[in-house]
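J.: Structure file model-v7.cif (mmCIF, C-alpha atoms) right here:
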data_target
loop_
_atom_site.label_atom_id
_atom_site.label_comp_id
_atom_site.auth_asym_id
_atom_site.auth_seq_id
_atom_site.Cartn_x
_atom_site.Cartn_y
_atom_site.Cartn_z
CA MET A 23 0.00 0.00 0.00
CA ASN A 24 1.27 3.32 -0.98
CA ASP A 25 0.72 5.92 1.76
CA ASN A 26 1.27 8.74 -0.67
CA TYR A 27 -2.47 8.78 -1.51
CA LEU A 28 -3.24 10.51 1.74
CA TRP A 29 -0.48 12.95 1.07
CA ASP A 30 -0.78 13.88 -2.59
CA LYS A 31 -3.42 11.48 -3.99
CA THR A 32 -0.87 9.36 -5.81
CA GLY A 33 -0.62 5.67 -5.53
CA GLU A 34 -3.28 3.12 -4.63
CA PRO A 35 -6.08 4.45 -2.40
CA ASP A 36 -7.27 2.61 0.66
CA PRO A 37 -10.92 1.48 0.27
CA GLU A 38 -11.84 2.82 3.73
CA VAL A 39 -10.33 6.16 2.91
CA GLN A 40 -12.17 6.16 -0.40
CA GLN A 41 -15.44 5.39 1.42
CA LEU A 42 -14.89 8.20 3.87
CA GLU A 43 -14.11 10.50 0.97
CA GLU A 44 -17.42 9.65 -0.64
CA ILE A 45 -19.38 10.19 2.58
CA LEU A 46 -17.73 13.50 3.49
CA GLY A 47 -17.57 14.64 -0.14
CA THR A 48 -21.25 15.61 -0.02
CA LEU A 49 -20.38 18.24 2.53
CA ARG A 50 -17.72 19.76 0.31
CA TYR A 51 -17.92 23.55 -0.36
CA GLN A 52 -20.17 24.30 -3.29
CA PRO A 53 -19.55 27.79 -4.73
CA ALA A 54 -22.94 29.50 -5.12
CA PRO A 55 -24.13 33.16 -5.11
CA LEU A 56 -25.58 34.51 -1.84
CA GLU A 57 -29.33 34.43 -1.84
CA ILE A 58 -31.11 36.89 0.42
CA PRO A 59 -34.68 35.98 1.16
CA GLU A 60 -37.13 38.62 0.05
CA ASP A 61 -39.13 38.61 3.26
CA LEU A 62 -36.04 39.38 5.33
CA GLN A 63 -36.26 42.87 6.96
CA LEU A 64 -33.02 44.54 7.81
CA PRO A 65 -33.04 46.45 11.16
CA ARG A 66 -33.11 50.23 10.61
CA ARG A 67 -29.84 51.88 11.51
CA ARG A 68 -30.25 54.21 14.45
CA ASN A 69 -29.07 57.82 14.23
CA TYR A 70 -27.05 58.50 17.33
CA PHE A 71 -25.83 61.91 16.18
CA PRO A 72 -28.26 64.12 18.19
CA ARG A 73 -27.60 62.17 21.40
CA LEU A 74 -23.88 62.33 20.86
CA ALA A 75 -24.10 66.07 20.17
CA ILE A 76 -26.05 66.67 23.40
CA ALA A 77 -23.64 64.54 25.41
CA ALA A 78 -20.68 66.41 23.91
CA SER A 79 -22.28 69.79 24.69
CA VAL A 80 -22.95 68.80 28.30
CA LEU A 81 -19.40 67.51 28.66
CA LEU A 82 -18.02 70.72 27.17
CA ALA A 83 -20.15 72.85 29.51
CA ILE A 84 -18.91 70.86 32.53
CA LEU A 85 -15.32 71.25 31.36
CA VAL A 86 -15.69 75.00 30.83
CA GLY A 87 -17.45 75.36 34.21
CA GLY A 88 -14.70 73.43 35.94
CA LEU A 89 -12.01 75.53 34.30
CA TRP A 90 -13.81 78.74 35.24
CA LEU A 91 -14.22 77.64 38.86
CA SER A 92 -10.58 76.64 39.15
CA MET A 93 -9.44 79.96 37.65
CA ARG A 94 -11.76 81.84 39.98
CA SER A 95 -10.49 80.02 43.04
CA ARG A 96 -6.92 80.76 41.99
CA ARG A 97 -7.69 84.47 41.85
CA GLU A 98 -8.96 84.54 45.44
CA PRO A 99 -6.45 85.83 48.00
CA THR A 100 -4.70 83.17 50.02
CA PRO A 101 -4.62 83.50 53.80
CA ASN A 102 -1.60 84.99 55.52
CA GLU A 103 1.40 82.74 55.46
CA ALA A 104 4.02 82.45 58.10
CA LYS A 105 6.96 80.37 57.11
CA LEU A 106 9.62 79.53 59.66
CA THR A 107 12.59 77.52 58.62
CA THR A 108 14.30 75.66 61.43
CA PRO A 109 17.91 76.65 61.61
CA ALA A 110 20.67 74.12 61.32
CA PRO A 111 22.82 73.85 64.43
CA VAL A 112 25.22 76.78 64.35
CA LYS A 113 28.77 75.71 64.21
CA GLU A 114 31.02 77.23 66.77
CA VAL A 115 33.74 79.07 64.98
CA THR A 116 36.89 79.56 66.95
CA PRO A 117 38.96 82.32 65.51
CA SER A 118 42.49 81.31 64.76
CA LEU A 119 43.72 84.71 65.79
CA PRO A 120 42.82 86.71 68.91
CA VAL A 121 40.12 89.19 67.90
CA THR A 122 39.31 92.46 69.61
CA PRO A 123 35.60 93.07 70.40
CA GLU A 124 35.41 95.97 67.91
CA ARG A 125 36.94 94.01 65.12
CA LYS A 126 34.57 91.77 63.29
CA THR A 127 35.94 89.27 60.88
CA PRO A 128 33.86 87.78 58.07
CA GLU A 129 34.59 84.30 59.43
CA LEU A 130 32.47 84.99 62.52
CA LYS A 131 29.29 85.62 60.53
CA PRO A 132 27.09 82.55 60.21
CA GLU A 133 26.47 81.13 56.80
CA PRO A 134 23.35 82.44 55.02
CA SER A 135 21.95 78.94 54.82
CA GLU A 136 22.07 78.65 58.59
CA GLU A 137 20.01 81.82 59.27
CA VAL A 138 16.54 81.67 60.70
CA VAL A 139 14.24 82.93 57.99
CA ALA A 140 10.81 84.10 59.02
CA VAL A 141 8.57 85.12 56.18
CA HIS A 142 5.32 86.79 57.01
CA LYS A 143 3.50 87.91 53.97
CA HIS A 144 1.04 90.48 55.21
CA ARG A 145 -1.91 90.99 53.01
CA PRO A 146 -4.79 93.33 53.79
CA ARG A 147 -7.67 91.32 55.21
CA SER A 148 -10.77 91.57 53.17
CA SER A 149 -14.19 91.40 54.75
CA ALA A 150 -15.72 90.18 51.49
CA PRO A 151 -13.14 88.03 49.73
CA LEU A 152 -15.62 86.59 47.26
CA LEU A 153 -16.43 89.95 45.68
CA SER A 154 -14.97 90.58 42.28
CA LYS A 155 -13.39 93.94 41.46
CA SER A 156 -16.48 95.33 39.75
CA GLU A 157 -18.74 93.99 42.51
CA ARG A 158 -16.52 95.58 45.12
CA GLU A 159 -16.68 98.95 43.37
CA GLU A 160 -20.45 98.63 43.15
CA ALA A 161 -20.62 97.64 46.82
CA LEU A 162 -18.49 100.63 47.83
CA MET A 163 -20.78 102.97 45.93
CA ALA A 164 -23.82 101.30 47.49
CA LYS A 165 -22.29 101.64 50.95
CA GLU A 166 -21.65 105.35 50.39
CA GLN A 167 -25.22 105.81 49.16
CA VAL A 168 -26.60 103.93 52.16
CA MET A 169 -24.61 106.15 54.51
CA LEU A 170 -25.79 109.26 52.66
CA ALA A 171 -29.40 108.10 52.83
CA LEU A 172 -29.14 107.30 56.54
CA ARG A 173 -27.50 110.66 57.20
CA LEU A 174 -30.30 112.44 55.37
CA THR A 175 -32.99 110.38 57.10
CA THR A 176 -31.65 110.99 60.59
CA GLU A 177 -31.18 114.67 59.71
CA LYS A 178 -34.84 114.94 58.78
CA LEU A 179 -35.90 112.97 61.84
CA SER A 180 -33.75 115.31 63.89
CA LEU A 181 -35.70 118.17 62.37
CA VAL A 182 -38.90 116.43 63.46
CA HIS A 183 -37.47 116.04 66.94
CA LYS A 184 -36.53 119.71 67.14
CA LYS A 185 -39.89 120.82 65.90
CA THR A 186 -41.78 118.58 68.29
CA GLN A 187 -39.74 120.07 71.14
CA ASN A 188 -40.71 123.57 70.02
CA PRO A 189 -44.29 124.26 71.15
CA GLY A 190 -44.65 127.03 68.59
CA ASN A 191 -45.03 124.50 65.83
CA GLN A 192 -48.36 123.04 64.97
CA ILE A 193 -48.31 119.24 65.34
CA LYS A 194 -51.36 117.88 63.67
CA ASN A 195 -50.98 114.18 64.24
CA GLN A 196 -48.54 112.31 66.44
CA HIS A 197 -50.21 109.02 67.01
CA ARG A 198 -51.16 106.01 64.96
CA VAL A 199 -54.58 106.31 63.39
CA GLY A 200 -56.60 103.25 62.40
CA MET B 3 -55.48 68.43 27.37
CA LYS B 4 -52.02 67.89 28.75
CA SER B 5 -50.79 71.16 27.27
CA LEU B 6 -53.80 72.98 28.76
CA PHE B 7 -52.85 71.77 32.25
CA LYS B 8 -49.26 72.78 31.64
CA THR B 9 -50.26 76.29 30.51
CA THR B 10 -52.60 76.69 33.48
CA PHE B 11 -49.88 75.57 35.89
CA ILE B 12 -47.31 78.00 34.46
CA ALA B 13 -49.85 80.84 34.49
CA SER B 14 -50.74 80.19 38.12
CA LEU B 15 -47.04 80.11 39.02
CA LEU B 16 -46.52 83.46 37.31
CA VAL B 17 -49.50 84.97 39.13
CA ALA B 18 -48.21 83.68 42.48
CA ALA B 19 -44.73 85.03 41.78
CA SER B 20 -46.02 88.46 40.82
CA ALA B 21 -48.25 88.53 43.91
CA LEU B 22 -45.25 87.73 46.10
CA ALA B 23 -43.17 90.40 44.37
CA ALA B 24 -45.95 92.95 44.81
CA ASN B 25 -46.20 92.08 48.49
CA ALA B 26 -42.46 92.51 48.97
CA GLN B 27 -42.52 95.91 47.29
CA ASP B 28 -45.55 97.16 49.20
CA SER B 29 -43.72 99.83 51.14
CA ARG B 30 -41.80 101.03 48.08
CA ILE B 31 -42.97 104.42 46.94
CA GLN B 32 -42.67 105.37 43.29
CA MET B 33 -41.05 108.79 43.07
CA GLY B 34 -40.81 109.14 39.30
CA SER B 35 -43.20 112.12 39.38
CA LEU B 36 -40.42 114.22 40.93
CA ASP B 37 -37.74 113.50 38.34
CA HIS B 38 -38.47 116.62 36.27
CA LEU B 39 -37.55 118.81 39.28
CA ALA B 40 -33.89 117.85 38.95
CA ALA B 41 -33.53 120.32 36.07
CA LYS B 42 -34.74 123.20 38.26
CA ALA B 43 -32.84 122.22 41.41
CA SER B 44 -29.50 123.67 42.44
CA GLN B 45 -28.65 120.49 44.32
CA THR B 46 -30.12 117.02 43.91
CA VAL B 47 -29.63 113.89 45.97
CA ASP B 48 -30.92 110.71 44.37
CA VAL B 49 -30.35 107.45 46.22
CA ASN B 50 -31.67 104.20 44.82
CA ILE B 51 -30.53 101.16 46.76
CA ASP B 52 -32.49 98.04 45.99
CA GLU B 53 -32.24 94.72 47.86
CA ARG B 54 -29.29 93.46 45.79
CA LEU B 55 -27.23 96.63 46.32
CA MET B 56 -28.22 96.64 49.97
CA LYS B 57 -26.81 93.14 50.40
CA LEU B 58 -23.61 94.17 48.62
CA ALA B 59 -23.25 97.23 50.84
CA VAL B 60 -23.84 95.15 53.98
CA ARG B 61 -20.95 92.88 52.98
CA LEU B 62 -18.59 95.85 53.09
CA LEU B 63 -19.73 97.04 56.50
CA SER B 64 -17.23 95.85 59.07
CA ASP B 65 -18.15 93.92 62.19
CA LYS B 66 -15.06 95.16 63.98
CA ASP B 67 -15.81 98.85 63.69
CA GLU B 68 -18.44 99.74 66.28
CA ASP B 69 -20.14 102.41 64.17
CA GLU B 70 -20.28 100.24 61.09
CA ARG B 71 -21.56 97.31 63.12
CA GLU B 72 -24.52 99.40 64.28
CA VAL B 73 -25.27 100.51 60.73
CA LYS B 74 -24.99 96.90 59.58
CA LYS B 75 -27.51 95.78 62.19
CA LEU B 76 -29.93 98.46 61.03
CA VAL B 77 -29.70 97.89 57.30
CA ALA B 78 -29.21 94.12 57.28
CA GLY B 79 -32.90 93.33 56.98
CA LEU B 80 -33.84 96.22 54.73
CA LYS B 81 -35.04 95.70 51.20
CA GLY B 82 -34.27 99.14 49.89
CA ILE B 83 -33.57 102.79 50.58
CA TYR B 84 -34.77 105.45 48.19
CA VAL B 85 -34.17 109.17 48.59
CA LYS B 86 -34.94 112.14 46.40
CA SER B 87 -33.94 115.51 47.68
CA PHE B 88 -34.00 118.79 45.78
CA GLU B 89 -32.74 122.17 46.89
CA PHE B 90 -33.76 125.20 44.88
CA GLU B 91 -32.28 128.67 44.51
CA ALA B 92 -35.68 130.34 44.41
CA ASP B 93 -39.13 129.77 45.85
CA GLY B 94 -41.98 128.15 43.97
CA GLN B 95 -39.97 125.77 41.82
CA TYR B 96 -42.35 122.94 42.57
CA VAL B 97 -46.08 122.79 43.05
CA VAL B 98 -48.27 120.76 45.38
CA THR B 99 -49.50 118.63 42.48
CA ASP B 100 -45.94 117.34 41.99
CA LEU B 101 -46.29 115.61 45.32
CA GLU B 102 -49.80 114.31 44.74
CA PRO B 103 -48.76 110.90 43.27
CA ILE B 104 -46.59 110.31 46.35
CA ARG B 105 -49.25 111.41 48.77
CA ALA B 106 -51.75 109.17 46.97
CA GLN B 107 -49.48 106.17 47.58
CA LEU B 108 -49.05 107.13 51.22
CA ARG B 109 -52.81 107.35 51.63
CA GLY B 110 -52.97 103.71 50.54
CA ALA B 111 -53.44 100.70 52.73
CA GLY B 112 -50.84 100.04 55.35
CA TRP B 113 -49.41 103.53 55.66
CA THR B 114 -50.04 105.59 58.76
CA LYS B 115 -49.17 109.23 59.12
CA MET B 116 -47.32 109.37 62.42
CA VAL B 117 -46.19 113.00 62.46
CA ASN B 118 -47.31 116.05 60.55
CA ILE B 119 -45.57 119.28 61.41
CA THR B 120 -46.48 122.48 59.65
CA SER B 121 -44.33 125.54 60.05
CA LYS B 122 -44.55 128.69 57.99
CA LYS B 123 -40.92 129.49 58.67
CA GLU B 124 -39.29 126.08 58.46
CA GLY B 125 -41.60 124.17 56.18
CA ASN B 126 -43.57 120.98 56.67
CA VAL B 127 -42.47 117.52 57.75
CA GLU B 128 -44.56 114.39 57.47
CA VAL B 129 -43.49 110.99 58.80
CA TYR B 130 -45.33 107.89 57.67
CA LEU B 131 -44.89 104.31 58.85
CA GLN B 132 -46.15 101.14 57.30
CA PHE B 133 -46.97 98.38 59.73
CA ALA B 134 -47.00 94.64 59.22
CA GLY B 135 -48.81 93.56 62.35
CA GLU B 136 -46.89 95.10 65.20
CA ASN B 137 -43.68 95.56 63.23
CA VAL B 138 -42.69 98.52 61.13
CA ASN B 139 -42.31 97.41 57.51
CA GLY B 140 -41.56 100.75 55.89
CA LEU B 141 -40.79 104.38 56.60
CA ALA B 142 -41.45 107.48 54.55
CA VAL B 143 -40.43 111.03 55.38
CA LEU B 144 -41.70 113.96 53.37
CA VAL B 145 -40.06 117.35 53.89
CA THR B 146 -41.42 120.32 51.99
CA ASP B 147 -40.01 123.77 52.26
CA ASP B 148 -40.08 126.82 50.00
CA LYS B 149 -36.67 125.92 48.65
CA GLU B 150 -36.46 122.25 49.49
CA LEU B 151 -38.27 119.04 48.74
CA THR B 152 -37.12 115.74 50.22
CA VAL B 153 -38.70 112.32 50.12
CA VAL B 154 -37.12 109.42 52.02
CA ASN B 155 -38.44 105.89 51.68
CA ILE B 156 -37.00 102.96 53.61
CA VAL B 157 -38.39 99.59 52.53
CA GLY B 158 -38.34 96.68 54.94
CA PRO B 159 -38.35 96.20 58.69
CA VAL B 160 -37.10 99.50 60.10
CA ASP B 161 -35.91 99.43 63.68
CA LEU B 162 -36.55 102.97 64.85
CA ASP B 163 -34.61 102.36 68.08
CA LYS B 164 -31.55 101.33 66.11
CA LEU B 165 -32.02 104.32 63.84
CA ALA B 166 -32.01 106.54 66.90
CA GLN B 167 -28.85 104.79 68.10
CA LEU B 168 -27.07 105.87 64.93
CA GLU B 169 -27.22 109.52 65.91
CA GLY B 170 -23.86 111.14 66.27
CA GLN B 171 -22.09 108.31 64.47
CA MET B 172 -20.36 108.54 61.12
CA GLY B 173 -21.56 112.08 60.52
CA ILE B 174 -25.15 111.23 61.37
CA PRO B 175 -26.58 114.14 63.37
CA GLU B 176 -27.60 113.68 66.96
CA LEU B 177 -31.29 113.72 67.81
CA GLY B 178 -30.58 114.46 71.44
CA ILE B 179 -32.89 111.75 72.69
CA GLU B 180 -30.34 109.67 74.55
CA LYS B 181 -28.52 112.67 76.00
CA THR B 182 -31.73 114.10 77.40
CA LYS B 183 -32.48 110.74 78.99
CA LYS B 184 -29.03 110.49 80.50
CA LYS B 185 -29.23 114.00 81.93
CA ASN B 186 -32.58 113.20 83.51
CA ASP B 187 -31.16 110.01 84.99
CA GLU B 188 -28.21 111.90 86.47
CA GLN B 189 -30.51 114.44 88.12
#
Could you render the structure from this file as structure tokens?
T.:
Amino acid sequence: MNDNYLWDKTGEPDPEVQQLEEILGTLRYQPAPLEIPEDLQLPRRRNYFPRLAIAASVLLAILVGGLWLSMRSRREPTPNEAKLTTPAPVKEVTPSLPVTPERKTPELKPEPSEEVVAVHKHRPRSSAPLLSKSEREEALMAKEQVMLALRLTTEKLSLVHKKTQNPGNQIKNQHRVG
Amino acid sequence: MKSLFKTTFIASLLVAASALAANAQDSRIQMGSLDHLAAKASQTVDVNIDERLMKLAVRLLSDKDEDEREVKKLVAGLKGIYVKSFEFEADGQYVVTDLEPIRAQLRGAGWTKMVNITSKKEGNVEVYLQFAGENVNGLAVLVTDDKELTVVNIVGPVDLDKLAQLEGQMGIPELGIEKTKKKNDEQ
């Protein structure tokens, strides 16, 4: 028996192999055009564009809002800072030469890195830190107007007081009616 | 049907909102009828502080400064301060009818004329208060002189005691009430 039949279909075939070939041969690939049944309904393709556009707009708005908030918070004044750096242990410097009290040698000065550095950034405290510049200006004007109005009101009420003290004036009504 | 319900609901909301707004502005007096007098006046003071500006101004009033703290207490609950004051060089620059729209509002419900002083030499002063129950909800002062016309309108809960406490502070003239009391106590 020549085994080459299984390899390259040469030589004498084995009857069992031939039988198997016949049985399985019916399942061999048959080239044929694709037939689509007429009653088949294809699902309609959904248009996701409007939803995507809305989602993108919302996302963009959130991003812009976040950026604006972060920029706004950066602009707000930070509280007073007090920074104190702990000094390194000062090395005792023994002068090589005897030094008079008046004479100061550069060797005796401590190194700049060993100095105690206290930084106190003083910023004017604001009673309304959340006010923007334009709001603050508006608030200042409003405050001045309020003071002016109160001044005028109390001035006029003072006039009332003076006149009620003076019996020469005619007071028509000084009590609640109705 | 659904849209009809929706429209009715929105309309009722609008009506309720406008009613609330009208209630809040009850003690506000419209002074537009006096605007034309500014052209004749030698000096005009026009103060228009609504609720928003009032809140802004309150934020700038310090709690540490005693004077400002008192002013803050007084104006904190107010909804507005409106002042129109005209000073004229000559007599007769305004007529009684100019004041009629304001007087008509002050004759309306809620307002009570507390003081009415008439003086030929020094002019007339009228003080009106608007009450909400037992509390004062608005103040109006009308000062008419030959050469002066002033209308002051404070909207909101006015604490007259606190207003009196402001005397002598921050350029606000003294009424002399407290001093008189103190002197009497000392005697």
J.: Can you build me a table of chain B residues sitting at most 8 Å from chain A, with the closest atom pair per residue and its distance in Å to one decimal, using all atoms listed in the file, sorted by chain and residue number, as a tab-separated table?
T.:
residue	atom	partner	partner_atom	distance
B:Val49	CA	A:Gln167	CA	6.1
B:Asn50	CA	A:Gln167	CA	7.9
B:Ile51	CA	A:Ala164	CA	6.8
B:Leu55	CA	A:Ala164	CA	5.9
B:Met56	CA	A:Ala164	CA	6.9
B:Leu58	CA	A:Ala161	CA	4.9
B:Ala59	CA	A:Lys165	CA	4.5
B:Val60	CA	A:Lys165	CA	7.3
B:Arg61	CA	A:Ala150	CA	6.1
B:Leu62	CA	A:Ser149	CA	6.5
B:Leu63	CA	A:Lys165	CA	7.6
B:Ser64	CA	A:Ser149	CA	6.9
B:Ile83	CA	A:Ala171	CA	7.1
B:Tyr84	CA	A:Ala171	CA	7.6
B:Val85	CA	A:Ala171	CA	6.5
B:Thr114	CA	A:Arg198	CA	6.3
B:Lys115	CA	A:Arg198	CA	7.0
B:Met116	CA	A:Gln196	CA	5.1
B:Val117	CA	A:Gln196	CA	4.7
B:Asn118	CA	A:Lys194	CA	5.4
B:Ile119	CA	A:Ile193	CA	4.8
B:Thr120	CA	A:Gln192	CA	5.7
B:Ser121	CA	A:Asn191	CA	5.9
B:Val127	CA	A:Val182	CA	6.8
B:Val143	CA	A:Lys178	CA	7.6
B:Val145	CA	A:Lys178	CA	7.5
B:Val154	CA	A:Thr175	CA	6.6
B:Leu165	CA	A:Thr176	CA	7.4
B:Ala166	CA	A:Thr176	CA	7.7
B:Glu169	CA	A:Thr176	CA	7.1
B:Gly173	CA	A:Arg173	CA	7.0
B:Ile174	CA	A:Arg173	CA	4.8
B:Pro175	CA	A:Glu177	CA	5.9
B:Glu176	CA	A:Ser180	CA	7.1
B:Leu177	CA	A:Ser180	CA	4.9
J.: Just to confirm, what's the straight-line distance from atom CA of B:Gly34 to atom CA of B:Ala142 in Å (one decimal)?
T.: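 A separation of 15.4 Å between them.
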J.: Do you know which residues are at most 12 Å from B:Leu80 counting all atoms listed in the file, after dropping those on the same chain fewer than 6 positions away, and could you put them as a PyMOL selection string?
T.: (chain A and resi 168) or (chain B and resi 26-27+29-30+51-57+59-60+73-74+138-141+155-161)
J.: Provide the atom CA of A:Gln52 to atom CA of A:Glu38 distance in Å, to one decimal place.
T.: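 Atom CA of A:Glu38 lies at a distance of 24.1 Å from atom CA of A:Gln52.
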J.: Could you list, as a list in words, every residue within 9 Å of B:Ser35, counting only C-alpha atoms and ignoring same-chain residues fewer than 2 positions away?
T.: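 The residues satisfying every condition are Gln32, Met33, Asp37, His38, Leu39, Asp100, Leu101, Glu102, Pro103 and Ile104 of chain B.
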J.: Restricted to C-alpha atoms, what would the selected residues look like written as a compact mmCIF listing (two decimals), keeping the file's coordinate frame?
T.:
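Just written: part_23.txt:
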# COMPACT_ATOMS: atom_id res chain seq x y z
CA GLN B 32 -42.67 105.37 43.29
CA MET B 33 -41.05 108.79 43.07
CA ASP B 37 -37.74 113.50 38.34
CA HIS B 38 -38.47 116.62 36.27
CA LEU B 39 -37.55 118.81 39.28
CA ASP B 100 -45.94 117.34 41.99
CA LEU B 101 -46.29 115.61 45.32
CA GLU B 102 -49.80 114.31 44.74
CA PRO B 103 -48.76 110.90 43.27
CA ILE B 104 -46.59 110.31 46.35
J.: What's around stretch 86-94 of chain B at 6 Å? Count only C-alpha atoms, leave out sequence neighbours fewer than 4 positions away in its own chain, and write the answer as a PyMOL selection string.
T.: chain B and resi 43-48+148-153
J.: How far is it from atom CA of B:Gln107 to atom CA of B:Gly82, in Å with one decimal?
T.: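 Interatomic distance here is 16.9 Å.
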J.: Given all atoms listed in the file as the basis, pick out the residue of B:Trp113, B:Leu108, B:Ala78, B:Thr146 nearest to B:Asn126.
T.: B:Thr146
J.: Generate the missing atoms of stretch 40-59 of chain A up to N, CA and C atoms and report them as a short mmCIF file (atom, residue, chain, number, x, y, z; two decimals), keeping the file's coordinate frame.
T.:
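Dumped everything to out-v4.cif:
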data_model
loop_
_atom_site.label_atom_id
_atom_site.label_comp_id
_atom_site.auth_asym_id
_atom_site.auth_seq_id
_atom_site.Cartn_x
_atom_site.Cartn_y
_atom_site.Cartn_z
N GLN A 40 -11.32 5.80 0.75
CA GLN A 40 -12.17 6.16 -0.40
C GLN A 40 -13.65 6.27 0.04
N GLN A 41 -14.07 5.36 0.92
CA GLN A 41 -15.44 5.39 1.42
C GLN A 41 -15.71 6.66 2.24
N LEU A 42 -14.76 6.96 3.06
CA LEU A 42 -14.89 8.20 3.87
C LEU A 42 -14.95 9.44 2.99
N GLU A 43 -14.14 9.38 1.92
CA GLU A 43 -14.11 10.50 0.97
C GLU A 43 -15.49 10.68 0.33
N GLU A 44 -16.09 9.59 0.01
CA GLU A 44 -17.42 9.65 -0.64
C GLU A 44 -18.48 10.22 0.34
N ILE A 45 -18.38 9.72 1.59
CA ILE A 45 -19.38 10.19 2.58
C ILE A 45 -19.20 11.69 2.85
N LEU A 46 -17.99 12.09 3.12
CA LEU A 46 -17.73 13.50 3.49
C LEU A 46 -17.75 14.43 2.26
N GLY A 47 -17.62 13.83 1.10
CA GLY A 47 -17.57 14.64 -0.14
C GLY A 47 -18.86 15.41 -0.38
N THR A 48 -19.96 14.89 0.15
CA THR A 48 -21.25 15.61 -0.02
C THR A 48 -21.26 16.94 0.74
N LEU A 49 -20.43 17.01 1.72
CA LEU A 49 -20.38 18.24 2.53
C LEU A 49 -19.32 19.23 2.01
N ARG A 50 -18.75 18.88 0.86
CA ARG A 50 -17.72 19.76 0.31
C ARG A 50 -18.29 21.14 -0.06
N TYR A 51 -17.49 22.17 -0.03
CA TYR A 51 -17.92 23.55 -0.36
C TYR A 51 -18.40 23.63 -1.79
N GLN A 52 -19.61 24.12 -1.95
CA GLN A 52 -20.17 24.30 -3.29
C GLN A 52 -20.24 25.79 -3.58
N PRO A 53 -19.46 26.34 -4.47
CA PRO A 53 -19.55 27.79 -4.73
C PRO A 53 -20.90 28.15 -5.36
N ALA A 54 -21.62 29.06 -4.63
CA ALA A 54 -22.94 29.50 -5.12
C ALA A 54 -23.16 30.94 -4.68
N PRO A 55 -23.89 31.75 -5.50
CA PRO A 55 -24.13 33.16 -5.11
C PRO A 55 -25.03 33.24 -3.86
N LEU A 56 -24.81 34.32 -3.08
CA LEU A 56 -25.58 34.51 -1.84
C LEU A 56 -27.03 34.87 -2.17
N GLU A 57 -27.91 34.15 -1.58
CA GLU A 57 -29.33 34.43 -1.84
C GLU A 57 -29.96 35.03 -0.58
N ILE A 58 -30.45 36.24 -0.74
CA ILE A 58 -31.11 36.89 0.42
C ILE A 58 -32.60 36.71 0.27
N PRO A 59 -33.22 36.16 1.27
CA PRO A 59 -34.68 35.98 1.16
C PRO A 59 -35.39 37.33 1.09
#
